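Student: Please find upload_21.cif (mmCIF, C-alpha atoms) on the next line:
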```
data_work
#
loop_
_atom_site.label_atom_id
_atom_site.label_comp_id
_atom_site.auth_asym_id
_atom_site.auth_seq_id
_atom_site.Cartn_x
_atom_site.Cartn_y
_atom_site.Cartn_z
CA GLY A 16 -63.44 -43.74 3.46
CA GLY A 17 -67.08 -44.54 3.14
CA GLU A 18 -68.95 -47.67 2.31
CA PRO A 19 -67.74 -49.52 -0.81
CA GLU A 20 -69.98 -48.92 -3.78
CA ALA A 21 -72.41 -51.71 -4.68
CA PHE A 22 -71.65 -53.61 -7.86
CA TRP A 23 -73.30 -52.09 -10.91
CA THR A 24 -73.46 -53.23 -14.50
CA PRO A 25 -73.08 -50.77 -17.35
CA ARG A 26 -75.75 -50.94 -20.06
CA VAL A 27 -74.22 -51.64 -23.47
CA ALA A 28 -76.49 -51.45 -26.52
CA LEU A 29 -75.35 -52.46 -29.99
CA ASP A 30 -77.10 -52.67 -33.31
CA LEU A 31 -75.80 -56.25 -33.68
CA PRO A 32 -77.07 -59.70 -32.69
CA VAL A 33 -75.61 -60.71 -29.32
CA LEU A 34 -76.51 -64.30 -28.45
CA ILE A 35 -75.47 -67.91 -28.25
CA PRO A 36 -77.35 -69.58 -31.13
CA GLU A 37 -79.08 -72.89 -30.55
CA THR A 38 -77.12 -74.21 -33.54
CA TYR A 39 -73.86 -73.56 -31.62
CA VAL A 40 -74.88 -74.76 -28.13
CA ARG A 41 -77.94 -77.01 -28.39
CA ASP A 42 -78.68 -77.49 -24.67
CA VAL A 43 -80.75 -74.59 -23.30
CA GLY A 44 -79.47 -75.11 -19.74
CA GLU A 45 -75.86 -74.94 -20.92
CA ARG A 46 -76.64 -71.77 -22.93
CA LEU A 47 -78.15 -70.12 -19.84
CA THR A 48 -75.13 -71.13 -17.73
CA LEU A 49 -72.80 -69.69 -20.39
CA TYR A 50 -74.71 -66.38 -20.47
CA GLY A 51 -74.27 -66.08 -16.70
CA ARG A 52 -70.61 -67.04 -16.85
CA ILE A 53 -69.90 -64.53 -19.63
CA ALA A 54 -71.74 -61.80 -17.71
CA ARG A 55 -69.50 -62.42 -14.65
CA ILE A 56 -66.16 -62.24 -16.50
CA LEU A 57 -63.95 -59.79 -14.59
CA ASP A 58 -60.71 -59.65 -16.59
CA ASP A 59 -59.00 -60.47 -19.89
CA GLU A 60 -57.51 -63.72 -18.60
CA GLU A 61 -60.93 -65.06 -17.60
CA ALA A 62 -62.37 -63.91 -20.95
CA GLU A 63 -59.66 -65.80 -22.84
CA THR A 64 -60.32 -68.92 -20.76
CA VAL A 65 -64.07 -68.82 -21.49
CA ALA A 66 -63.46 -68.21 -25.22
CA ALA A 67 -60.95 -71.09 -25.39
CA GLU A 68 -63.33 -73.46 -23.56
CA LEU A 69 -66.18 -72.51 -25.91
CA ALA A 70 -64.02 -73.18 -28.97
CA GLU A 71 -62.75 -76.46 -27.53
CA ARG A 72 -66.23 -77.75 -26.68
CA HIS A 73 -68.29 -76.35 -29.54
CA GLY A 74 -65.86 -75.33 -32.30
CA PRO A 75 -65.09 -71.84 -33.57
CA PRO A 76 -67.68 -69.37 -32.24
CA PRO A 77 -70.10 -67.80 -34.69
CA THR A 78 -70.13 -64.01 -35.06
CA GLU A 79 -72.97 -63.59 -32.52
CA VAL A 80 -70.96 -65.34 -29.80
CA SER A 81 -67.82 -63.32 -30.60
CA THR A 82 -69.96 -60.17 -30.34
CA LEU A 83 -71.32 -61.36 -26.98
CA LEU A 84 -67.75 -61.80 -25.69
CA HIS A 85 -66.87 -58.30 -27.00
CA VAL A 86 -69.89 -56.85 -25.17
CA ALA A 87 -68.67 -58.45 -21.93
CA GLU A 88 -65.30 -56.76 -22.46
CA LEU A 89 -66.95 -53.41 -23.25
CA ARG A 90 -68.93 -53.69 -19.98
CA ARG A 91 -65.73 -54.28 -18.00
CA LEU A 92 -64.05 -51.30 -19.66
CA CYS A 93 -67.11 -49.10 -19.07
CA ARG A 94 -67.16 -50.01 -15.39
CA LEU A 95 -63.48 -49.17 -15.01
CA ALA A 96 -64.03 -45.79 -16.71
CA GLY A 97 -67.21 -44.94 -14.73
CA ILE A 98 -69.50 -45.27 -17.76
CA GLU A 99 -73.03 -46.46 -16.98
CA GLN A 100 -74.39 -46.42 -20.55
CA LEU A 101 -72.79 -47.12 -23.92
CA ASP A 102 -74.96 -47.04 -27.04
CA VAL A 103 -73.09 -47.97 -30.21
CA GLY A 104 -74.74 -47.10 -33.50
CA PRO A 105 -73.65 -47.14 -37.14
CA LYS A 106 -72.39 -43.55 -36.98
CA GLY A 107 -71.04 -43.24 -33.45
CA VAL A 108 -71.50 -43.71 -29.74
CA LEU A 109 -73.53 -42.19 -26.94
CA ILE A 110 -71.72 -42.49 -23.61
CA GLY A 111 -73.39 -41.89 -20.23
CA PHE A 112 -71.04 -41.18 -17.34
CA ARG A 113 -71.72 -41.82 -13.64
CA SER A 114 -70.12 -38.49 -12.71
CA GLN A 115 -69.84 -35.00 -14.11
CA ALA A 116 -66.05 -35.29 -13.65
CA GLY A 117 -65.98 -38.34 -15.96
CA LEU A 118 -67.90 -36.44 -18.62
CA ALA A 119 -65.63 -33.39 -18.27
CA ALA A 120 -62.48 -35.53 -18.62
CA PHE A 121 -63.90 -37.23 -21.72
CA LEU A 122 -64.85 -33.92 -23.34
CA ALA A 123 -61.39 -32.51 -22.59
CA ALA A 124 -59.77 -35.52 -24.29
CA HIS A 125 -62.24 -35.51 -27.20
CA PRO A 126 -63.08 -31.91 -28.18
CA GLU A 127 -65.00 -33.24 -31.20
CA ALA A 128 -67.52 -34.92 -28.85
CA ARG A 129 -70.78 -33.20 -27.94
CA GLY A 130 -71.60 -33.02 -24.24
CA ARG A 131 -75.14 -33.00 -22.87
CA PRO A 132 -76.48 -31.76 -19.53
CA ASP A 133 -77.48 -35.33 -18.49
CA ARG A 134 -73.79 -36.46 -18.14
CA ARG A 135 -73.81 -37.96 -21.62
CA ALA A 136 -71.63 -37.33 -24.65
CA SER A 137 -72.00 -38.30 -28.28
CA LEU A 138 -69.06 -38.95 -30.55
CA ALA A 139 -69.04 -39.76 -34.26
CA LEU A 140 -66.96 -42.83 -35.05
CA ALA A 141 -66.66 -42.57 -38.84
CA GLU A 142 -63.02 -41.52 -38.53
CA ARG A 143 -62.42 -44.33 -36.05
CA GLY A 144 -63.92 -47.06 -38.21
CA GLY A 145 -67.21 -47.43 -36.30
CA SER A 146 -66.31 -50.99 -35.29
CA LEU A 147 -66.41 -52.71 -31.91
CA GLU A 148 -62.62 -52.59 -31.98
CA ALA A 149 -62.74 -48.80 -32.42
CA VAL A 150 -65.10 -48.54 -29.43
CA ARG A 151 -62.80 -50.80 -27.39
CA ARG A 152 -59.78 -48.60 -28.23
CA LEU A 153 -61.77 -45.50 -27.20
CA LEU A 154 -62.65 -47.08 -23.82
CA VAL A 155 -59.14 -48.43 -23.16
CA ALA A 156 -57.77 -44.89 -23.61
CA LEU A 157 -60.07 -43.47 -20.89
CA PRO A 158 -58.61 -42.96 -17.42
CA PRO A 159 -59.94 -45.23 -14.65
CA ALA A 160 -62.77 -43.75 -12.61
CA GLY A 161 -61.06 -44.75 -9.36
CA GLU A 162 -63.61 -47.47 -8.62
CA ARG A 163 -62.46 -50.98 -7.87
CA LEU A 164 -63.98 -54.11 -9.28
CA PRO A 165 -65.85 -56.08 -6.61
CA GLU A 166 -64.27 -59.07 -4.97
CA ALA A 167 -66.75 -61.25 -6.85
CA ARG A 168 -64.14 -63.83 -7.80
CA GLU A 169 -63.50 -64.70 -4.13
CA GLU A 170 -67.25 -64.74 -3.44
CA ARG A 171 -67.79 -67.17 -6.34
CA ALA A 172 -64.90 -69.37 -5.17
CA ALA A 173 -66.36 -69.54 -1.64
CA SER A 174 -69.78 -70.69 -2.86
#
```
Show me this structure written as structure tokens.

Tutor:
Amino acid sequence: GGEPEAFWTPRVALDLPVLIPETYVRDVGERLTLYGRIARILDDEEAETVAAELAERHGPPPTEVSTLLHVAELRRLCRLAGIEQLDVGPKGVLIGFRSQAGLAAFLAAHPEARGRPDRRASLALAERGGSLEAVRRLLVALPPAGERLPEAREERAAS
């Protein structure tokens, strides 16, 4: 095999507020730490732990924080599926794949999607509900791109 691929972060754009409001976590330093921690979540178990700790310390999360946690999950799913860009709008999604093979597999599974020459595909979500949950279900159904998540957890534990 060759060199392992460097860690990359998919770009996820939503038409929704994605933040930790000052009214929920007052301390700016703690908010910044939480943003970093949420960005580094690698699996569902860690996501559940962070969500539970937030609720325990600060009470039930407002919608913006729940959306932020959903975005972290969408990024993980995109990385597993080899998606470098996910734009979610009110009518559908635009998905940018890292490989032509990823795009081809997606188009084969979703004949209603429209492929583009720049390894992107658009898909209307009206029939899927257009929600973050519908986007999550779409991503979960995609086959893995064959790329492994980095060993970031061990690196963080060593530091």

Student: List the residues selected by the PyMOL selection byres ((chain A and resi 59) around 12) in the file shown, writing them as a PDB file with C-alpha atoms, keeping the file's coordinate frame.

Tutor:
```pdb
ATOM      1  CA  ILE A  53     -69.900 -64.530 -19.630  1.00  0.00           C
ATOM      2  CA  ARG A  55     -69.500 -62.420 -14.650  1.00  0.00           C
ATOM      3  CA  ILE A  56     -66.160 -62.240 -16.500  1.00  0.00           C
ATOM      4  CA  LEU A  57     -63.950 -59.790 -14.590  1.00  0.00           C
ATOM      5  CA  ASP A  58     -60.710 -59.650 -16.590  1.00  0.00           C
ATOM      6  CA  GLU A  60     -57.510 -63.720 -18.600  1.00  0.00           C
ATOM      7  CA  GLU A  61     -60.930 -65.060 -17.600  1.00  0.00           C
ATOM      8  CA  ALA A  62     -62.370 -63.910 -20.950  1.00  0.00           C
ATOM      9  CA  GLU A  63     -59.660 -65.800 -22.840  1.00  0.00           C
ATOM     10  CA  THR A  64     -60.320 -68.920 -20.760  1.00  0.00           C
ATOM     11  CA  VAL A  65     -64.070 -68.820 -21.490  1.00  0.00           C
ATOM     12  CA  ALA A  66     -63.460 -68.210 -25.220  1.00  0.00           C
ATOM     13  CA  LEU A  84     -67.750 -61.800 -25.690  1.00  0.00           C
ATOM     14  CA  HIS A  85     -66.870 -58.300 -27.000  1.00  0.00           C
ATOM     15  CA  ALA A  87     -68.670 -58.450 -21.930  1.00  0.00           C
ATOM     16  CA  GLU A  88     -65.300 -56.760 -22.460  1.00  0.00           C
ATOM     17  CA  LEU A  89     -66.950 -53.410 -23.250  1.00  0.00           C
ATOM     18  CA  ARG A  91     -65.730 -54.280 -18.000  1.00  0.00           C
ATOM     19  CA  LEU A  92     -64.050 -51.300 -19.660  1.00  0.00           C
TER      20      LEU A  92
END
```

Student: Counting all atoms listed in the file, find residues at most 9 Å from (-68.8, -34.3, -22.4) (file frame) and give them as a list in words.

Tutor: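 Output: Ile110, Phe112, Gln115, Gly117, Leu118, Ala119, Ala120, Phe121, Leu122, Ala123, His125, Pro126, Ala128, Arg129, Gly130, Arg131, Pro132, Arg134, Arg135, Ala136 and Ser137 of chain A.
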
Student: I want to know what sits within 7 Å of segment 70-74 of chain A, based on all atoms listed in the file, with residues of the same chain fewer than 3 positions away left out; could you give that as a list in words?

Tutor: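 That gives Tyr39, Val40, Ala66 and Ala67 of chain A.
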
Student: Would you list the contacts of Leu83 of chain A as a list in words, taking every protein, DNA or RNA residue within 8 Å and counting all atoms listed in the file, but skipping same-chain residues closer than 4 positions in sequence?

Tutor: Val33, Leu34, Ile35, Glu79 and Ala87 of chain A

Student: Any idea what the distance is between atom CA of Val86 of chain A and atom CA of Pro159 of chain A?

Tutor: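 Taking atom CA of Val86 of chain A and atom CA of Pro159 of chain A, their separation equals 18.6 Å.
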
Student: Would you mind reading off the distance between atom CA of Val27 of chain A and atom CA of Ala54 of chain A, one decimal, in Å?

Tutor: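 Distance between the two atoms: 11.9 Å.
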
Student: Would you work out the distance separating atom CA of Gly111 of chain A from atom CA of Pro32 of chain A, expressed in Å to one decimal?

Tutor: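 Pair atom CA of Gly111 of chain A / atom CA of Pro32 of chain A returns 22.0 Å.
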
Student: For a quick check of understanding, using all atoms listed in the file, which of A:Trp23, A:Gly107, A:Arg90, A:Asp133 has the smallest distance to Leu154 of chain A?

Tutor: A:Arg90

Student: Of the candidates A:Gln100, A:Arg52, A:Cys93, A:Lys106, which shows the shortest atom-to-atom distance to Arg152 of chain A, using all atoms listed in the file?

Tutor: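 Nearest candidate to Arg152 of chain A out of A:Gln100, A:Arg52, A:Cys93, A:Lys106: A:Cys93.
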
Student: What would the selection look like, as a PyMOL selection string, if the PyMOL selection byres ((chain A and resi 29) around 7) were run on the coordinates I just shared?

Tutor: chain A and resi 27-28+30-31+102-104

Student: Out of A:Pro76, A:Gly97, A:Tyr50, A:Glu45, which residue has the shortest atom-to-atom distance to Thr24 of chain A when counting only C-alpha atoms?

Tutor: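 Going through A:Pro76, A:Gly97, A:Tyr50, A:Glu45 one by one, the smallest distance to Thr24 of chain A is for A:Gly97.
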
Student: Around all the atoms of segment 31-45 of chain A listed in the file, with 8 Å of room on each side, what axis-aligned box do you get, giving centre and edge lengths in Å to one decimal, as JSON?

Tutor:
```
{"center_x": -77.3, "center_y": -66.9, "center_z": -26.7, "size_x": 22.9, "size_y": 37.2, "size_z": 29.9}
```

Student: Which residue out of A:Gly51, A:Ser114, A:Glu127, A:Gly44 has the minimum interatomic distance to Glu99 of chain A when all atoms listed in the file are used?

Tutor: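 Comparing A:Gly51, A:Ser114, A:Glu127, A:Gly44 against Glu99 of chain A, the winner is A:Ser114.
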
Student: Here is a test: counting only C-alpha atoms, which residue of A:Ala160, A:Leu138, A:Val80, A:Leu49 is nearest to Arg94 of chain A?

Tutor: A:Ala160

Student: Name the closest residue to Leu153 of chain A among the candidates A:Leu69, A:Ala116, A:Val43, A:Leu101; distances are taken between atoms, counting all atoms listed in the file.

Tutor: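 Of A:Leu69, A:Ala116, A:Val43, A:Leu101, the one nearest Leu153 of chain A is A:Leu101, counting all atoms listed in the file.
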
Student: Regenerate segment 132-158 of chain A at the level of N, CA, C and O atoms and dump it as a PDB file, in the frame of the given file.

Tutor:
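This is the output file out_11.pdb:
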```pdb
ATOM      1  N   PRO A 132     -76.327 -32.049 -20.966  1.00  0.00           N
ATOM      2  CA  PRO A 132     -76.480 -31.760 -19.530  1.00  0.00           C
ATOM      3  C   PRO A 132     -76.786 -32.985 -18.671  1.00  0.00           C
ATOM      4  O   PRO A 132     -76.683 -32.915 -17.449  1.00  0.00           O
ATOM      5  N   ASP A 133     -77.143 -34.119 -19.266  1.00  0.00           N
ATOM      6  CA  ASP A 133     -77.480 -35.330 -18.490  1.00  0.00           C
ATOM      7  C   ASP A 133     -76.268 -36.261 -18.310  1.00  0.00           C
ATOM      8  O   ASP A 133     -76.437 -37.463 -18.168  1.00  0.00           O
ATOM      9  N   ARG A 134     -75.042 -35.712 -18.303  1.00  0.00           N
ATOM     10  CA  ARG A 134     -73.790 -36.460 -18.140  1.00  0.00           C
ATOM     11  C   ARG A 134     -73.552 -37.450 -19.274  1.00  0.00           C
ATOM     12  O   ARG A 134     -72.939 -38.505 -19.087  1.00  0.00           O
ATOM     13  N   ARG A 135     -74.036 -37.116 -20.456  1.00  0.00           N
ATOM     14  CA  ARG A 135     -73.810 -37.960 -21.620  1.00  0.00           C
ATOM     15  C   ARG A 135     -73.042 -37.173 -22.676  1.00  0.00           C
ATOM     16  O   ARG A 135     -73.085 -35.953 -22.710  1.00  0.00           O
ATOM     17  N   ALA A 136     -72.362 -37.927 -23.533  1.00  0.00           N
ATOM     18  CA  ALA A 136     -71.630 -37.330 -24.650  1.00  0.00           C
ATOM     19  C   ALA A 136     -71.834 -38.193 -25.871  1.00  0.00           C
ATOM     20  O   ALA A 136     -71.917 -39.420 -25.765  1.00  0.00           O
ATOM     21  N   SER A 137     -71.926 -37.556 -27.018  1.00  0.00           N
ATOM     22  CA  SER A 137     -72.000 -38.300 -28.280  1.00  0.00           C
ATOM     23  C   SER A 137     -70.718 -38.037 -29.062  1.00  0.00           C
ATOM     24  O   SER A 137     -70.132 -36.951 -28.985  1.00  0.00           O
ATOM     25  N   LEU A 138     -70.287 -39.052 -29.779  1.00  0.00           N
ATOM     26  CA  LEU A 138     -69.060 -38.950 -30.550  1.00  0.00           C
ATOM     27  C   LEU A 138     -69.232 -39.738 -31.839  1.00  0.00           C
ATOM     28  O   LEU A 138     -69.594 -40.916 -31.808  1.00  0.00           O
ATOM     29  N   ALA A 139     -68.995 -39.073 -32.966  1.00  0.00           N
ATOM     30  CA  ALA A 139     -69.040 -39.760 -34.260  1.00  0.00           C
ATOM     31  C   ALA A 139     -67.838 -40.684 -34.356  1.00  0.00           C
ATOM     32  O   ALA A 139     -66.745 -40.350 -33.900  1.00  0.00           O
ATOM     33  N   LEU A 140     -68.050 -41.860 -34.944  1.00  0.00           N
ATOM     34  CA  LEU A 140     -66.960 -42.830 -35.050  1.00  0.00           C
ATOM     35  C   LEU A 140     -66.508 -43.064 -36.484  1.00  0.00           C
ATOM     36  O   LEU A 140     -65.683 -43.929 -36.702  1.00  0.00           O
ATOM     37  N   ALA A 141     -67.025 -42.327 -37.446  1.00  0.00           N
ATOM     38  CA  ALA A 141     -66.660 -42.570 -38.840  1.00  0.00           C
ATOM     39  C   ALA A 141     -65.140 -42.568 -39.013  1.00  0.00           C
ATOM     40  O   ALA A 141     -64.581 -43.452 -39.663  1.00  0.00           O
ATOM     41  N   GLU A 142     -64.476 -41.588 -38.394  1.00  0.00           N
ATOM     42  CA  GLU A 142     -63.020 -41.520 -38.530  1.00  0.00           C
ATOM     43  C   GLU A 142     -62.315 -42.607 -37.735  1.00  0.00           C
ATOM     44  O   GLU A 142     -61.151 -42.875 -37.947  1.00  0.00           O
ATOM     45  N   ARG A 143     -63.021 -43.268 -36.835  1.00  0.00           N
ATOM     46  CA  ARG A 143     -62.420 -44.330 -36.050  1.00  0.00           C
ATOM     47  C   ARG A 143     -62.807 -45.716 -36.579  1.00  0.00           C
ATOM     48  O   ARG A 143     -62.495 -46.716 -35.982  1.00  0.00           O
ATOM     49  N   GLY A 144     -63.556 -45.778 -37.619  1.00  0.00           N
ATOM     50  CA  GLY A 144     -63.920 -47.060 -38.210  1.00  0.00           C
ATOM     51  C   GLY A 144     -65.295 -47.563 -37.796  1.00  0.00           C
ATOM     52  O   GLY A 144     -65.846 -48.430 -38.447  1.00  0.00           O
ATOM     53  N   GLY A 145     -65.872 -47.045 -36.720  1.00  0.00           N
ATOM     54  CA  GLY A 145     -67.210 -47.430 -36.300  1.00  0.00           C
ATOM     55  C   GLY A 145     -67.354 -48.872 -35.839  1.00  0.00           C
ATOM     56  O   GLY A 145     -68.451 -49.362 -35.666  1.00  0.00           O
ATOM     57  N   SER A 146     -66.248 -49.583 -35.648  1.00  0.00           N
ATOM     58  CA  SER A 146     -66.310 -50.990 -35.290  1.00  0.00           C
ATOM     59  C   SER A 146     -66.265 -51.176 -33.774  1.00  0.00           C
ATOM     60  O   SER A 146     -65.953 -50.243 -33.030  1.00  0.00           O
ATOM     61  N   LEU A 147     -66.541 -52.396 -33.336  1.00  0.00           N
ATOM     62  CA  LEU A 147     -66.410 -52.710 -31.910  1.00  0.00           C
ATOM     63  C   LEU A 147     -64.968 -52.511 -31.453  1.00  0.00           C
ATOM     64  O   LEU A 147     -64.719 -52.079 -30.332  1.00  0.00           O
ATOM     65  N   GLU A 148     -64.029 -52.795 -32.327  1.00  0.00           N
ATOM     66  CA  GLU A 148     -62.620 -52.590 -31.980  1.00  0.00           C
ATOM     67  C   GLU A 148     -62.328 -51.105 -31.774  1.00  0.00           C
ATOM     68  O   GLU A 148     -61.589 -50.729 -30.865  1.00  0.00           O
ATOM     69  N   ALA A 149     -62.933 -50.244 -32.590  1.00  0.00           N
ATOM     70  CA  ALA A 149     -62.740 -48.800 -32.420  1.00  0.00           C
ATOM     71  C   ALA A 149     -63.327 -48.337 -31.087  1.00  0.00           C
ATOM     72  O   ALA A 149     -62.728 -47.518 -30.382  1.00  0.00           O
ATOM     73  N   VAL A 150     -64.480 -48.886 -30.712  1.00  0.00           N
ATOM     74  CA  VAL A 150     -65.100 -48.540 -29.430  1.00  0.00           C
ATOM     75  C   VAL A 150     -64.225 -49.037 -28.290  1.00  0.00           C
ATOM     76  O   VAL A 150     -63.993 -48.338 -27.305  1.00  0.00           O
ATOM     77  N   ARG A 151     -63.688 -50.247 -28.418  1.00  0.00           N
ATOM     78  CA  ARG A 151     -62.800 -50.800 -27.390  1.00  0.00           C
ATOM     79  C   ARG A 151     -61.576 -49.900 -27.206  1.00  0.00           C
ATOM     80  O   ARG A 151     -61.201 -49.575 -26.081  1.00  0.00           O
ATOM     81  N   ARG A 152     -60.958 -49.475 -28.319  1.00  0.00           N
ATOM     82  CA  ARG A 152     -59.780 -48.600 -28.230  1.00  0.00           C
ATOM     83  C   ARG A 152     -60.132 -47.286 -27.531  1.00  0.00           C
ATOM     84  O   ARG A 152     -59.350 -46.764 -26.735  1.00  0.00           O
ATOM     85  N   LEU A 153     -61.314 -46.749 -27.832  1.00  0.00           N
ATOM     86  CA  LEU A 153     -61.770 -45.500 -27.200  1.00  0.00           C
ATOM     87  C   LEU A 153     -61.871 -45.687 -25.682  1.00  0.00           C
ATOM     88  O   LEU A 153     -61.400 -44.863 -24.904  1.00  0.00           O
ATOM     89  N   LEU A 154     -62.458 -46.813 -25.248  1.00  0.00           N
ATOM     90  CA  LEU A 154     -62.650 -47.080 -23.820  1.00  0.00           C
ATOM     91  C   LEU A 154     -61.326 -47.361 -23.114  1.00  0.00           C
ATOM     92  O   LEU A 154     -61.113 -46.915 -21.981  1.00  0.00           O
ATOM     93  N   VAL A 155     -60.439 -48.096 -23.768  1.00  0.00           N
ATOM     94  CA  VAL A 155     -59.140 -48.430 -23.160  1.00  0.00           C
ATOM     95  C   VAL A 155     -58.355 -47.149 -22.894  1.00  0.00           C
ATOM     96  O   VAL A 155     -57.628 -47.060 -21.900  1.00  0.00           O
ATOM     97  N   ALA A 156     -58.517 -46.140 -23.747  1.00  0.00           N
ATOM     98  CA  ALA A 156     -57.770 -44.890 -23.610  1.00  0.00           C
ATOM     99  C   ALA A 156     -58.298 -43.998 -22.474  1.00  0.00           C
ATOM    100  O   ALA A 156     -57.625 -43.057 -22.070  1.00  0.00           O
ATOM    101  N   LEU A 157     -59.495 -44.306 -21.954  1.00  0.00           N
ATOM    102  CA  LEU A 157     -60.070 -43.470 -20.890  1.00  0.00           C
ATOM    103  C   LEU A 157     -59.374 -43.754 -19.562  1.00  0.00           C
ATOM    104  O   LEU A 157     -59.028 -44.902 -19.268  1.00  0.00           O
ATOM    105  N   PRO A 158     -59.212 -42.725 -18.728  1.00  0.00           N
ATOM    106  CA  PRO A 158     -58.610 -42.960 -17.420  1.00  0.00           C
ATOM    107  C   PRO A 158     -59.585 -43.718 -16.507  1.00  0.00           C
ATOM    108  O   PRO A 158     -60.797 -43.570 -16.643  1.00  0.00           O
TER     109      PRO A 158
END
```
